[in-house]
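Engineer: data-v2.cif is reproduced below (mmCIF, C-alpha atoms and all ligand atoms).
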data_input
#
loop_
_atom_site.label_atom_id
_atom_site.label_comp_id
_atom_site.auth_asym_id
_atom_site.auth_seq_id
_atom_site.Cartn_x
_atom_site.Cartn_y
_atom_site.Cartn_z
CA MET M 1 -49.95 20.98 24.03
CA THR M 2 -49.27 23.67 26.66
CA LYS M 3 -47.93 21.12 29.12
CA SER M 4 -45.10 20.47 26.67
CA LEU M 5 -43.85 23.98 27.43
CA LEU M 6 -42.59 22.57 30.71
CA ARG M 7 -40.83 19.67 29.06
CA THR M 8 -37.11 20.39 29.40
CA GLU M 9 -34.01 18.34 28.70
CA LEU M 10 -34.20 17.23 32.35
CA CYS M 11 -37.44 15.37 31.60
CA ASP M 12 -35.76 13.45 28.79
CA MET M 13 -32.65 12.71 30.83
CA LEU M 14 -34.56 11.39 33.84
CA ASP M 15 -37.60 9.99 32.00
CA ILE M 16 -40.01 12.19 33.96
CA LYS M 17 -43.06 14.16 32.83
CA TYR M 18 -42.41 17.43 34.68
CA PRO M 19 -39.09 19.09 35.57
CA ILE M 20 -39.86 18.90 39.28
CA ILE M 21 -37.59 17.02 41.67
CA LEU M 22 -38.41 16.33 45.30
CA ALA M 23 -35.20 17.22 47.18
CA GLY M 24 -33.68 14.39 49.14
CA MET M 25 -34.46 15.38 52.71
CA GLY M 26 -32.73 13.54 55.50
CA GLY M 27 -32.89 14.63 59.08
CA MET M 28 -31.43 14.27 62.52
CA GLY M 29 -34.26 11.89 63.44
CA GLY M 30 -34.37 9.95 60.16
CA PRO M 31 -35.56 10.54 56.60
CA VAL M 32 -38.11 13.24 55.78
CA SER M 33 -38.37 12.20 52.12
CA GLY M 34 -39.27 8.57 52.76
CA PRO M 35 -40.70 5.96 50.37
CA GLN M 36 -44.32 7.25 50.52
CA LEU M 37 -43.39 10.82 49.64
CA VAL M 38 -40.87 9.76 47.00
CA ALA M 39 -43.31 7.39 45.31
CA ALA M 40 -46.10 10.00 45.41
CA VAL M 41 -43.91 12.57 43.61
CA SER M 42 -42.60 10.07 41.07
CA ASN M 43 -46.10 8.73 40.39
CA ALA M 44 -47.30 12.33 39.88
CA GLY M 45 -44.75 12.87 37.10
CA GLY M 46 -41.84 14.40 39.01
CA LEU M 47 -38.77 12.68 40.44
CA GLY M 48 -38.89 11.65 44.08
CA VAL M 49 -35.55 11.45 45.90
CA LEU M 50 -35.11 9.52 49.15
CA GLY M 51 -33.32 11.44 51.93
CA CYS M 52 -30.74 8.92 53.10
CA ALA M 53 -28.19 11.25 54.73
CA PHE M 54 -26.37 9.40 57.51
CA LEU M 55 -28.70 6.39 57.31
CA SER M 56 -27.11 3.00 57.82
CA PRO M 57 -26.54 1.07 54.57
CA HIS M 58 -29.07 -1.48 55.80
CA LYS M 59 -31.72 1.24 56.21
CA VAL M 60 -30.89 2.68 52.75
CA GLU M 61 -31.50 -0.74 51.27
CA GLU M 62 -34.84 -1.04 53.10
CA MET M 63 -35.96 2.38 51.82
CA ILE M 64 -35.06 1.52 48.21
CA ARG M 65 -36.99 -1.75 48.39
CA LYS M 66 -40.06 -0.05 49.90
CA THR M 67 -40.01 2.65 47.24
CA ARG M 68 -39.86 0.05 44.48
CA GLN M 69 -43.00 -1.52 45.93
CA LEU M 70 -44.81 1.82 45.66
CA THR M 71 -43.76 3.02 42.22
CA ASP M 72 -42.40 1.74 38.95
CA ARG M 73 -41.33 5.27 37.96
CA PRO M 74 -37.73 6.52 38.28
CA PHE M 75 -36.62 7.84 41.67
CA GLY M 76 -33.38 8.84 43.35
CA VAL M 77 -31.42 8.53 46.58
CA ASP M 78 -29.68 11.48 48.24
CA THR M 79 -26.63 10.96 50.44
CA LEU M 80 -23.97 13.26 51.87
CA LEU M 81 -20.26 12.95 51.10
CA PRO M 82 -18.57 15.45 53.44
CA PRO M 83 -14.80 14.97 52.99
CA ASP M 84 -13.93 16.24 56.46
CA ILE M 85 -15.65 13.63 58.66
CA PRO M 86 -13.92 10.81 60.58
CA LEU M 87 -12.80 7.78 58.58
CA THR M 88 -14.44 5.32 60.96
CA GLY M 89 -16.41 5.25 64.22
CA SER M 90 -19.89 4.54 65.58
CA THR M 91 -21.99 7.09 67.49
CA THR M 92 -20.75 5.69 70.82
CA GLU M 93 -17.10 5.67 69.74
CA LEU M 94 -17.25 9.22 68.40
CA LYS M 95 -19.13 10.43 71.48
CA ALA M 96 -16.18 9.29 73.60
CA GLU M 97 -13.92 11.61 71.57
CA LEU M 98 -15.99 14.78 72.12
CA PRO M 99 -13.94 17.69 73.49
CA SER M 100 -15.16 19.38 76.69
CA LEU M 101 -17.39 22.35 76.05
CA ALA M 102 -17.05 23.56 79.66
CA PRO M 103 -15.98 27.21 79.26
CA SER M 104 -12.84 26.96 81.42
CA GLY M 105 -12.32 23.26 80.99
CA ALA M 106 -12.31 22.84 84.80
CA ALA M 107 -13.15 19.31 85.84
CA ASP M 108 -15.71 20.35 88.47
CA GLU M 109 -17.53 22.72 86.15
CA PRO M 110 -20.94 21.43 84.99
CA ASP M 111 -20.82 20.16 81.45
CA ALA M 112 -21.94 22.95 79.11
CA ILE M 113 -24.46 20.72 77.32
CA GLU M 114 -26.00 19.58 80.60
CA LYS M 115 -26.19 23.19 81.79
CA LEU M 116 -27.88 24.26 78.56
CA ARG M 117 -30.34 21.36 78.72
CA LYS M 118 -31.48 22.47 82.17
CA GLU M 119 -31.66 26.15 81.20
CA LEU M 120 -33.85 25.26 78.22
CA GLY M 121 -36.20 23.24 80.43
CA VAL M 122 -35.52 20.03 78.51
CA PRO M 123 -36.16 16.97 80.70
CA ALA M 124 -33.33 14.51 81.23
CA PRO M 125 -33.64 11.72 78.66
CA SER M 126 -35.10 8.55 80.08
CA GLY M 127 -33.37 6.42 77.44
CA GLY M 128 -34.84 4.36 74.64
CA LYS M 129 -37.60 6.47 73.16
CA GLY M 130 -35.74 9.72 72.57
CA TYR M 131 -33.43 10.79 69.77
CA LEU M 132 -30.63 8.38 70.60
CA GLY M 133 -33.11 5.53 70.81
CA ARG M 134 -34.43 6.41 67.36
CA ILE M 135 -31.06 6.65 65.67
CA ALA M 136 -28.92 4.18 67.55
CA ASP M 137 -28.97 1.44 64.94
CA ASP M 138 -29.79 3.48 61.88
CA THR M 139 -27.34 6.38 61.87
CA VAL M 140 -23.78 6.36 60.59
CA TRP M 141 -21.28 9.22 60.63
CA SER M 142 -18.02 7.95 59.12
CA GLN M 143 -16.56 8.01 55.62
CA GLU M 144 -16.33 4.23 55.68
CA ASP M 145 -20.08 3.93 56.29
CA LEU M 146 -21.03 6.62 53.78
CA GLU M 147 -19.08 4.70 51.15
CA LYS M 148 -21.16 1.63 51.97
CA GLN M 149 -24.33 3.66 51.33
CA VAL M 150 -23.07 4.37 47.80
CA GLU M 151 -22.34 0.69 47.29
CA VAL M 152 -26.00 -0.06 48.08
CA ILE M 153 -27.16 2.56 45.57
CA MET M 154 -24.92 0.98 42.93
CA GLU M 155 -25.97 -2.55 43.79
CA TYR M 156 -29.65 -1.67 43.45
CA ARG M 157 -29.03 0.40 40.32
CA VAL M 158 -31.16 3.25 41.63
CA PRO M 159 -31.84 5.46 38.58
CA VAL M 160 -30.50 8.66 40.18
CA TRP M 161 -28.00 9.36 42.95
CA ALA M 162 -27.89 12.88 44.42
CA ALA M 163 -24.58 13.55 46.16
CA ALA M 164 -24.43 16.57 48.48
CA LEU M 165 -21.71 18.27 50.53
CA GLY M 166 -18.93 16.49 48.66
CA ASP M 167 -17.45 15.16 45.45
CA PRO M 168 -18.73 11.87 44.00
CA ALA M 169 -15.76 11.61 41.58
CA PRO M 170 -14.52 8.19 42.79
CA TYR M 171 -17.88 6.61 41.97
CA VAL M 172 -18.83 8.33 38.71
CA LYS M 173 -17.48 5.71 36.31
CA GLU M 174 -19.05 2.76 38.12
CA CYS M 175 -22.41 4.54 38.45
CA HIS M 176 -22.46 5.34 34.76
CA THR M 177 -21.60 1.75 33.90
CA ARG M 178 -24.65 0.72 35.90
CA GLY M 179 -26.89 3.32 34.23
CA ILE M 180 -27.12 5.55 37.30
CA LYS M 181 -27.36 9.31 36.69
CA ILE M 182 -25.53 11.49 39.21
CA ILE M 183 -26.79 14.80 40.54
CA GLY M 184 -24.17 16.96 42.24
CA VAL M 185 -25.75 19.28 44.83
CA VAL M 186 -23.77 22.52 45.21
CA ALA M 187 -23.96 25.89 46.92
CA SER M 188 -21.56 27.89 44.74
CA VAL M 189 -20.31 28.44 41.20
CA ARG M 190 -16.93 27.01 42.21
CA GLY M 191 -18.54 23.86 43.58
CA ALA M 192 -20.56 23.44 40.39
CA ARG M 193 -17.47 23.75 38.18
CA ARG M 194 -15.62 21.19 40.30
CA LEU M 195 -18.41 18.59 40.16
CA VAL M 196 -18.81 18.98 36.41
CA LEU M 197 -15.12 18.15 36.07
CA SER M 198 -15.82 15.08 38.21
CA GLY M 199 -18.36 13.95 35.60
CA VAL M 200 -21.76 14.47 37.27
CA ASP M 201 -24.71 14.53 34.88
CA ILE M 202 -26.80 17.26 36.49
CA ILE M 203 -26.03 20.11 38.86
CA VAL M 204 -28.48 21.14 41.57
CA ALA M 205 -27.67 24.59 42.93
CA SER M 206 -29.56 25.45 46.08
CA GLY M 207 -29.65 29.05 47.27
CA ALA M 208 -29.77 30.80 50.64
CA GLU M 209 -33.56 30.51 50.91
CA SER M 210 -33.28 26.71 51.11
CA GLY M 211 -34.24 24.65 54.09
CA GLY M 212 -31.44 22.44 55.43
CA HIS M 213 -27.84 22.97 54.29
CA ASN M 214 -27.83 25.97 52.06
CA SER M 215 -25.75 28.57 50.28
CA ARG M 216 -24.73 32.04 51.37
CA ILE M 217 -25.94 33.22 47.95
CA GLY M 218 -29.60 33.79 47.05
CA THR M 219 -31.19 31.54 44.42
CA MET M 220 -31.95 34.43 42.04
CA VAL M 221 -28.25 35.30 41.91
CA LEU M 222 -26.78 31.82 42.16
CA ILE M 223 -28.67 30.06 39.37
CA PRO M 224 -27.78 32.18 36.32
CA GLN M 225 -24.14 32.25 37.36
CA VAL M 226 -24.02 28.48 37.80
CA VAL M 227 -25.82 28.04 34.47
CA ASP M 228 -23.25 30.23 32.73
CA ALA M 229 -20.39 28.40 34.41
CA VAL M 230 -21.36 24.82 33.58
CA SER M 231 -23.43 25.01 30.37
CA PRO M 232 -24.36 22.68 28.63
CA VAL M 233 -24.65 20.55 31.79
CA PRO M 234 -28.25 20.99 33.00
CA VAL M 235 -28.72 22.98 36.19
CA VAL M 236 -31.66 22.46 38.51
CA ALA M 237 -32.64 25.33 40.80
CA GLY M 238 -33.27 24.82 44.50
CA GLY M 239 -34.07 27.20 47.32
CA GLY M 240 -37.30 29.11 47.76
CA ILE M 241 -39.32 27.43 45.02
CA GLY M 242 -42.81 26.61 46.21
CA ASP M 243 -45.25 27.04 43.33
CA GLY M 244 -45.68 27.48 39.60
CA ARG M 245 -44.37 31.03 39.69
CA GLY M 246 -41.12 29.75 41.18
CA LEU M 247 -40.90 27.01 38.56
CA VAL M 248 -41.27 29.49 35.69
CA ALA M 249 -38.79 31.87 37.34
CA ALA M 250 -36.25 29.05 37.64
CA LEU M 251 -36.64 28.19 33.95
CA ALA M 252 -36.28 31.88 33.12
CA LEU M 253 -32.97 31.92 35.02
CA GLY M 254 -31.74 29.15 32.74
CA ALA M 255 -32.46 26.17 34.97
CA ALA M 256 -33.77 22.94 33.46
CA GLY M 257 -36.00 22.22 36.44
CA VAL M 258 -36.53 22.69 40.15
CA TRP M 259 -35.37 20.89 43.32
CA CYS M 260 -37.96 21.46 46.01
CA GLY M 261 -37.77 20.48 49.65
CA SER M 262 -39.71 22.78 51.95
CA VAL M 263 -42.92 22.88 49.93
CA PHE M 264 -43.23 19.12 50.43
CA LEU M 265 -43.02 19.50 54.22
CA GLY M 266 -46.65 20.56 53.98
CA THR M 267 -47.76 17.16 52.71
CA PHE M 268 -49.35 14.18 54.42
CA GLU M 269 -46.55 11.91 53.18
CA ALA M 270 -43.59 13.87 54.60
CA ILE M 271 -42.05 12.25 57.67
CA TYR M 272 -41.93 15.38 59.77
CA GLU M 273 -43.23 15.70 63.33
CA ASP M 274 -46.93 16.69 63.37
CA TYR M 275 -46.12 19.60 65.68
CA HIS M 276 -43.61 20.86 63.12
CA LYS M 277 -46.13 20.54 60.28
CA GLN M 278 -48.51 22.61 62.39
CA LYS M 279 -45.77 25.20 63.02
CA ILE M 280 -45.13 25.44 59.30
CA LEU M 281 -48.79 26.22 58.61
CA GLU M 282 -48.51 29.10 61.06
CA SER M 283 -45.08 30.34 59.86
CA THR M 284 -44.28 33.47 57.92
CA GLU M 285 -41.36 34.02 55.55
CA ASP M 286 -39.38 35.34 58.54
CA ASP M 287 -39.75 32.34 60.86
CA THR M 288 -36.55 30.49 59.94
CA MET M 289 -32.93 30.93 61.00
CA VAL M 290 -29.49 29.83 59.76
CA SER M 291 -26.95 28.15 62.02
CA LYS M 292 -24.20 25.53 62.32
CA VAL M 293 -25.40 24.41 65.76
CA ILE M 294 -27.30 21.31 64.62
CA THR M 295 -24.90 19.67 62.15
CA GLY M 296 -21.69 21.69 62.25
CA LYS M 297 -22.45 23.07 58.78
CA GLN M 298 -24.61 26.03 57.88
CA ALA M 299 -28.28 25.11 57.50
CA ARG M 300 -31.71 26.75 57.75
CA TYR M 301 -34.31 25.72 60.37
CA LEU M 302 -37.59 26.88 61.82
CA LYS M 303 -36.65 29.32 64.62
CA ASN M 304 -35.29 27.21 67.43
CA ARG M 305 -34.56 27.94 71.10
CA LEU M 306 -31.61 25.54 71.28
CA ILE M 307 -29.88 27.31 68.39
CA ALA M 308 -30.58 30.75 69.87
CA ALA M 309 -29.36 29.72 73.35
CA TRP M 310 -26.21 28.10 71.96
CA HIS M 311 -25.23 31.31 70.19
CA GLU M 312 -26.16 33.42 73.21
CA ALA M 313 -23.96 31.26 75.45
CA GLY M 314 -21.07 31.88 73.03
CA LEU M 315 -20.39 28.16 72.69
CA PRO M 316 -18.17 27.09 69.78
CA THR M 317 -19.58 24.79 67.11
CA LEU M 318 -17.70 21.59 66.39
CA PRO M 319 -17.19 20.18 62.88
CA MET M 320 -19.61 17.68 61.35
CA PRO M 321 -20.53 15.16 62.77
CA MET M 322 -19.16 15.95 66.26
CA GLN M 323 -21.52 18.92 66.65
CA SER M 324 -24.58 16.71 66.09
CA ILE M 325 -23.23 14.08 68.46
CA SER M 326 -22.53 16.70 71.14
CA ILE M 327 -26.17 17.85 71.28
CA ILE M 328 -27.68 14.36 71.46
CA PRO M 329 -28.40 14.62 75.23
CA ILE M 330 -30.50 17.74 74.61
CA LEU M 331 -32.25 16.32 71.54
CA ASP M 332 -32.95 13.10 73.37
CA GLY M 333 -34.99 14.79 76.09
CA ALA M 334 -36.58 17.24 73.66
CA TYR M 335 -37.83 14.48 71.34
CA GLU M 336 -39.30 12.61 74.28
CA ALA M 337 -41.08 15.71 75.54
CA LYS M 338 -42.16 16.71 71.98
CA MET M 339 -40.64 20.18 72.35
CA ALA M 340 -41.38 21.74 68.96
CA ASP M 341 -39.12 24.73 69.59
CA ILE M 342 -36.08 22.59 70.52
CA VAL M 343 -36.30 19.58 68.18
CA PRO M 344 -34.59 20.86 64.99
CA ALA M 345 -36.85 21.30 61.97
CA PRO M 346 -34.97 22.12 58.76
CA ALA M 347 -37.19 24.41 56.67
CA GLY M 348 -36.77 27.12 54.08
CA GLN M 349 -38.17 30.60 53.68
CA ILE M 350 -41.06 29.45 51.47
CA VAL M 351 -42.79 28.01 54.55
CA GLY M 352 -44.73 31.27 54.63
CA MET M 353 -46.52 30.06 51.47
CA ILE M 354 -47.72 26.77 52.98
CA LYS M 355 -51.25 27.25 54.30
CA GLU M 356 -52.67 23.72 54.37
CA LEU M 357 -51.50 20.14 54.39
CA LYS M 358 -52.17 18.29 51.13
CA PRO M 359 -51.18 15.14 49.27
CA ALA M 360 -47.78 15.43 47.56
CA ALA M 361 -49.33 14.70 44.16
CA ARG M 362 -51.39 17.85 44.55
CA VAL M 363 -48.26 19.92 45.18
CA VAL M 364 -46.88 18.68 41.86
CA GLU M 365 -50.19 19.19 40.01
CA GLU M 366 -50.65 22.70 41.39
CA MET M 367 -47.08 23.65 40.55
CA VAL M 368 -47.59 22.52 36.96
CA ALA M 369 -51.00 24.23 36.66
CA GLY M 370 -49.63 27.40 38.27
CA ALA M 371 -46.65 27.49 35.90
CA LEU M 372 -48.91 27.13 32.85
CA LYS M 373 -51.11 29.95 34.15
CA VAL M 374 -48.05 32.20 34.47
CA LEU M 375 -46.96 31.29 30.95
CA ASP M 376 -50.44 32.08 29.66
CA LYS M 377 -50.14 35.54 31.15
CA LEU M 378 -47.00 36.10 29.09
CA PRO M 379 -48.61 35.87 25.64
CA SER M 380 -45.66 36.88 23.52
CA ALA M 381 -43.32 34.68 25.52
CA GLY M 382 -45.75 31.79 25.27
CA THR M 383 -45.95 32.19 21.52
CA ALA M 384 -42.18 32.23 21.24
CA ALA M 385 -42.00 29.05 23.25
CA ARG M 386 -44.63 27.37 21.11
CA ARG M 387 -42.79 28.42 17.98
CA SER M 388 -39.52 27.08 19.31
CA LYS M 389 -41.27 23.83 20.15
CA GLN M 390 -42.76 23.59 16.67
CA ALA M 391 -39.34 24.25 15.23
CA GLY M 392 -38.23 21.09 16.97
CA SER M 393 -36.14 22.75 19.68
CA ARG M 394 -35.77 20.71 22.88
CA GLY M 395 -34.95 23.82 24.85
CA HIS M 396 -37.34 25.83 26.94
CA ARG M 397 -36.70 29.35 25.67
CA PHE M 398 -39.67 31.62 25.95
C1 LIG M 401 -36.30 18.98 56.14
C2 LIG M 401 -35.15 19.13 55.19
C3 LIG M 401 -34.15 18.19 55.20
C4 LIG M 401 -33.10 18.29 54.28
N1 LIG M 401 -32.14 17.31 54.25
C5 LIG M 401 -31.25 17.28 53.24
C6 LIG M 401 -30.38 16.18 53.06
O1 LIG M 401 -30.39 15.24 53.85
N2 LIG M 401 -29.54 16.16 52.00
C7 LIG M 401 -29.53 17.20 51.10
O2 LIG M 401 -28.79 17.12 50.10
N3 LIG M 401 -30.29 18.29 51.28
C8 LIG M 401 -31.17 18.33 52.30
N4 LIG M 401 -32.01 19.40 52.43
C9 LIG M 401 -31.92 20.51 51.47
C10 LIG M 401 -32.71 20.17 50.22
O3 LIG M 401 -32.03 19.16 49.51
C11 LIG M 401 -32.90 21.35 49.28
O4 LIG M 401 -31.65 21.87 48.91
C12 LIG M 401 -33.78 22.44 49.82
O5 LIG M 401 -34.87 21.93 50.51
C13 LIG M 401 -34.27 23.32 48.67
O6 LIG M 401 -34.80 24.51 49.11
P1 LIG M 401 -36.32 24.67 49.66
O7 LIG M 401 -36.30 24.06 51.02
O8 LIG M 401 -36.52 26.12 49.68
O9 LIG M 401 -37.21 23.93 48.72
C14 LIG M 401 -33.05 19.37 53.37
C15 LIG M 401 -34.07 20.32 53.40
C16 LIG M 401 -35.11 20.22 54.27
C17 LIG M 401 -36.19 21.27 54.26
#
Just give me the structure of the file as structure tokens.
Structural biologist:
Amino acid sequence: MTKSLLRTELCDMLDIKYPIILAGMGGMGGPVSGPQLVAAVSNAGGLGVLGCAFLSPHKVEEMIRKTRQLTDRPFGVDTLLPPDIPLTGSTTELKAELPSLAPSGAADEPDAIEKLRKELGVPAPSGGKGYLGRIADDTVWSQEDLEKQVEVIMEYRVPVWAAALGDPAPYVKECHTRGIKIIGVVASVRGARRLVLSGVDIIVASGAESGGHNSRIGTMVLIPQVVDAVSPVPVVAGGGIGDGRGLVAALALGAAGVWCGSVFLGTFEAIYEDYHKQKILESTEDDTMVSKVITGKQARYLKNRLIAAWHEAGLPTLPMPMQSISIIPILDGAYEAKMADIVPAPAGQIVGMIKELKPAARVVEEMVAGALKVLDKLPSAGTAARRSKQAGSRGHRF
């Protein structure tokens, strides 16, 4: 009976038991939300979302197939649609177009990236096993390739597509024809209004606390304003939600569910370097930083020496994806040498709440149990919710 208090319109829309969505987490070295994590969350009653940002269409296909082998529950795929990236070009082709970052541009001046690599004590990449070796065949950066990712999602009729950093308008009609629900991931009220006009089914608004690309606005402030702006389209709250208290708070702000990334970094299934998982267990709420140095767009990471040194050197940041491509020589050596403080680790401010690694299903179960405990502590609110339920309301007022 009490569990039904957490049943929101999101659960009906997505055919899930709990209004908990695993955020699609991609990464510079590949997906963080891979098939195992996605299936674990979907099997536990939430919605798992594959992090397919910048993955080759072939790799997206492989991840969808693997996920289907692990769960028969609904799941989603997250991709990025930045409008301001090159139309075409492979990593090698785009690398050839990088502008010089040498401060004076003098030909005999050591390349700024090479200088920084040495200052940071990152060994020269030996080729093959480092970052470039990991991504060479699997990473795409151009609009042409990102469009092909969407074609794969449509071909496989994945139940949910989460589109971030851009506008999925051109694909909405075809997705709906194929029964695919679209989540638009936004960082502002303006962005939410725009994507609702484009026809998305659900808005995810992710606040400043978020790991990865985030908003300048805190979740507590962002959510109610987005809810007011796009009602009756359901809004899902992201950024800083790590337990049942956060889930109830999000519902209280008018959200229909939560979009959680960082809390799942503390799970066995997350594809996240072991040394970063260890760092997360030791982190406090103040151990992350925000910067454009890794992708060219503002995002939150565990504190990182490369980011700090880049800012200290006063180097400019290039637009996406050129910024990422420019730092490949540093990442290459850092991955090889397993340098936890140089390899970028997107993470949000809730890392301070993660004290042990656990299975992803337990994260979902504990979030649900914790939320019900909070609701139990609010007797009059709980009664109101029960009454509204008995009256046949599908809402979650309490
Ligand atoms: C490791 C990591 C990778 C992420 N990668 C992506 C991504 O590829 N696409 C995306 O839409 N959001 C990405 N995000 C942001 C999440 O989708 C989500 O907005 C955020 O994790 C929510 O806040 P939280 O980290 O406080 O839970 C990433 C977040 C993390 C922590």
Engineer: At what distance in Å, to one decimal, does atom C2 of ligand LIG 401 (chain M) lie from atom CA of M:Ser215?
Structural biologist: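 Between atom CA of M:Ser215 and atom C2 of ligand LIG 401 (chain M) the gap is 14.2 Å.
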Engineer: Within 8 Å of ligand LIG 401 (chain M), counting only C-alpha atoms and all ligand atoms: which residues, as a ChimeraX atom specification?
Structural biologist: /M:23-27,31-33,51-54,78-80,162-165,185,205-207,209-214,238-242,259-265,272,300-301,345-350
Engineer: If you count all atoms listed in the file, which residues fall within 10 Å of M:Leu222, apart from same-chain ones fewer than 2 positions away, as a list in words?
Structural biologist: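 Here the qualifying residues turn out to be Ala187, Ser188, Val189, Ala205, Ser206, Gly207, Ala208, Ser215, Arg216, Ile217, Gly218, Thr219, Met220, Pro224, Gln225, Val226, Val227, Ala237, Gly238 and Leu253 of chain M.
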Engineer: For stretch 365-368 of chain M, find every residue with an atom within 9 Å (counting only C-alpha atoms), except residues of its own chain fewer than 2 positions away, and show them as a ChimeraX atom specification.
Structural biologist: /M:3,6,18,20,44-45,242-247,360-363,370-373
Engineer: Keeping C-alpha atoms, export the residues of the selection given above as a PDB file, in the frame of the given file.
Structural biologist:
ATOM      1  CA  LYS M   3     -47.930  21.120  29.120  1.00  0.00           C
ATOM      2  CA  LEU M   6     -42.590  22.570  30.710  1.00  0.00           C
ATOM      3  CA  TYR M  18     -42.410  17.430  34.680  1.00  0.00           C
ATOM      4  CA  ILE M  20     -39.860  18.900  39.280  1.00  0.00           C
ATOM      5  CA  ALA M  44     -47.300  12.330  39.880  1.00  0.00           C
ATOM      6  CA  GLY M  45     -44.750  12.870  37.100  1.00  0.00           C
ATOM      7  CA  GLY M 242     -42.810  26.610  46.210  1.00  0.00           C
ATOM      8  CA  ASP M 243     -45.250  27.040  43.330  1.00  0.00           C
ATOM      9  CA  GLY M 244     -45.680  27.480  39.600  1.00  0.00           C
ATOM     10  CA  ARG M 245     -44.370  31.030  39.690  1.00  0.00           C
ATOM     11  CA  GLY M 246     -41.120  29.750  41.180  1.00  0.00           C
ATOM     12  CA  LEU M 247     -40.900  27.010  38.560  1.00  0.00           C
ATOM     13  CA  ALA M 360     -47.780  15.430  47.560  1.00  0.00           C
ATOM     14  CA  ALA M 361     -49.330  14.700  44.160  1.00  0.00           C
ATOM     15  CA  ARG M 362     -51.390  17.850  44.550  1.00  0.00           C
ATOM     16  CA  VAL M 363     -48.260  19.920  45.180  1.00  0.00           C
ATOM     17  CA  GLY M 370     -49.630  27.400  38.270  1.00  0.00           C
ATOM     18  CA  ALA M 371     -46.650  27.490  35.900  1.00  0.00           C
ATOM     19  CA  LEU M 372     -48.910  27.130  32.850  1.00  0.00           C
ATOM     20  CA  LYS M 373     -51.110  29.950  34.150  1.00  0.00           C
TER      21      LYS M 373
END
Engineer: For M:Leu81, please output as a CSV table (one decimal) with C-alpha atoms, in the frame of the given file all residues within 12 Å (counting all atoms listed in the file; exclusion window: fewer than 6 positions along the same chain).
Structural biologist:
chain,number,residue,atom,x,y,z
M,52,CYS,CA,-30.7,8.9,53.1
M,53,ALA,CA,-28.2,11.2,54.7
M,54,PHE,CA,-26.4,9.4,57.5
M,87,LEU,CA,-12.8,7.8,58.6
M,141,TRP,CA,-21.3,9.2,60.6
M,142,SER,CA,-18.0,8.0,59.1
M,143,GLN,CA,-16.6,8.0,55.6
M,144,GLU,CA,-16.3,4.2,55.7
M,145,ASP,CA,-20.1,3.9,56.3
M,146,LEU,CA,-21.0,6.6,53.8
M,147,GLU,CA,-19.1,4.7,51.2
M,148,LYS,CA,-21.2,1.6,52.0
M,149,GLN,CA,-24.3,3.7,51.3
M,150,VAL,CA,-23.1,4.4,47.8
M,161,TRP,CA,-28.0,9.4,43.0
M,162,ALA,CA,-27.9,12.9,44.4
M,163,ALA,CA,-24.6,13.6,46.2
M,164,ALA,CA,-24.4,16.6,48.5
M,165,LEU,CA,-21.7,18.3,50.5
M,166,GLY,CA,-18.9,16.5,48.7
M,167,ASP,CA,-17.4,15.2,45.4
M,168,PRO,CA,-18.7,11.9,44.0
M,169,ALA,CA,-15.8,11.6,41.6
M,170,PRO,CA,-14.5,8.2,42.8
M,171,TYR,CA,-17.9,6.6,42.0
M,184,GLY,CA,-24.2,17.0,42.2
M,185,VAL,CA,-25.8,19.3,44.8
M,186,VAL,CA,-23.8,22.5,45.2
M,320,MET,CA,-19.6,17.7,61.4
M,321,PRO,CA,-20.5,15.2,62.8
Engineer: Name the residues in contact with M:Asp341 at a cut-off of 12 Å, using only C-alpha atoms, excluding same-chain residues fewer than 4 positions from it; report them as a VMD selection string.
Structural biologist: chain M and resid 120 to 122 273 275 to 276 279 to 280 287 to 288 301 to 309 331 334 to 335 337 345 to 346
Engineer: Interatomic distance between atom CA of M:Leu55 and atom CA of M:Thr139?
Structural biologist: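 Atom-to-atom, atom CA of M:Leu55 to atom CA of M:Thr139, that is 4.8 Å.
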Engineer: Measuring between only C-alpha atoms, which one of M:Ile271, M:Val236, M:Ala250, M:Val196 shows the shortest distance to M:Val172?
Structural biologist: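 Checking each of M:Ile271, M:Val236, M:Ala250, M:Val196 against M:Val172, counting only C-alpha atoms, the winner is M:Val196.
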Engineer: Within 9 Å of (-32.1, 1.4, 38.3) (coordinates as in the file), grab all the protein and nucleic acid residues, counting only C-alpha atoms, and write them out as a tab-separated table (two decimals) with C-alpha atoms, in the frame of the given file.
Structural biologist:
chain	number	residue	atom	x	y	z
M	74	PRO	CA	-37.73	6.52	38.28
M	75	PHE	CA	-36.62	7.84	41.67
M	153	ILE	CA	-27.16	2.56	45.57
M	154	MET	CA	-24.92	0.98	42.93
M	156	TYR	CA	-29.65	-1.67	43.45
M	157	ARG	CA	-29.03	0.40	40.32
M	158	VAL	CA	-31.16	3.25	41.63
M	159	PRO	CA	-31.84	5.46	38.58
M	160	VAL	CA	-30.50	8.66	40.18
M	178	ARG	CA	-24.65	0.72	35.90
M	179	GLY	CA	-26.89	3.32	34.23
M	180	ILE	CA	-27.12	5.55	37.30
Engineer: Mind pulling up the distance from atom CA of M:Ala255 to atom CA of M:Ile223?
Structural biologist: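 Spanning atom CA of M:Ile223 to atom CA of M:Ala255 is a straight-line distance of 7.0 Å.
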Engineer: Using only C-alpha atoms, pick whichever of M:Val38, M:Leu116, M:Val230, M:Ile16 has the shortest atom-to-atom distance to M:Leu315.
Structural biologist: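 For M:Leu315, the nearest of the given residues is M:Leu116.
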Engineer: Find the residues around M:Asp12 up to 12 Å (all atoms listed in the file counted), leave out those fewer than 3 positions away in its own chain, and share them as a ChimeraX atom specification.
Structural biologist: /M:4,6-9,15-19,46,74,234,256-257,394-395
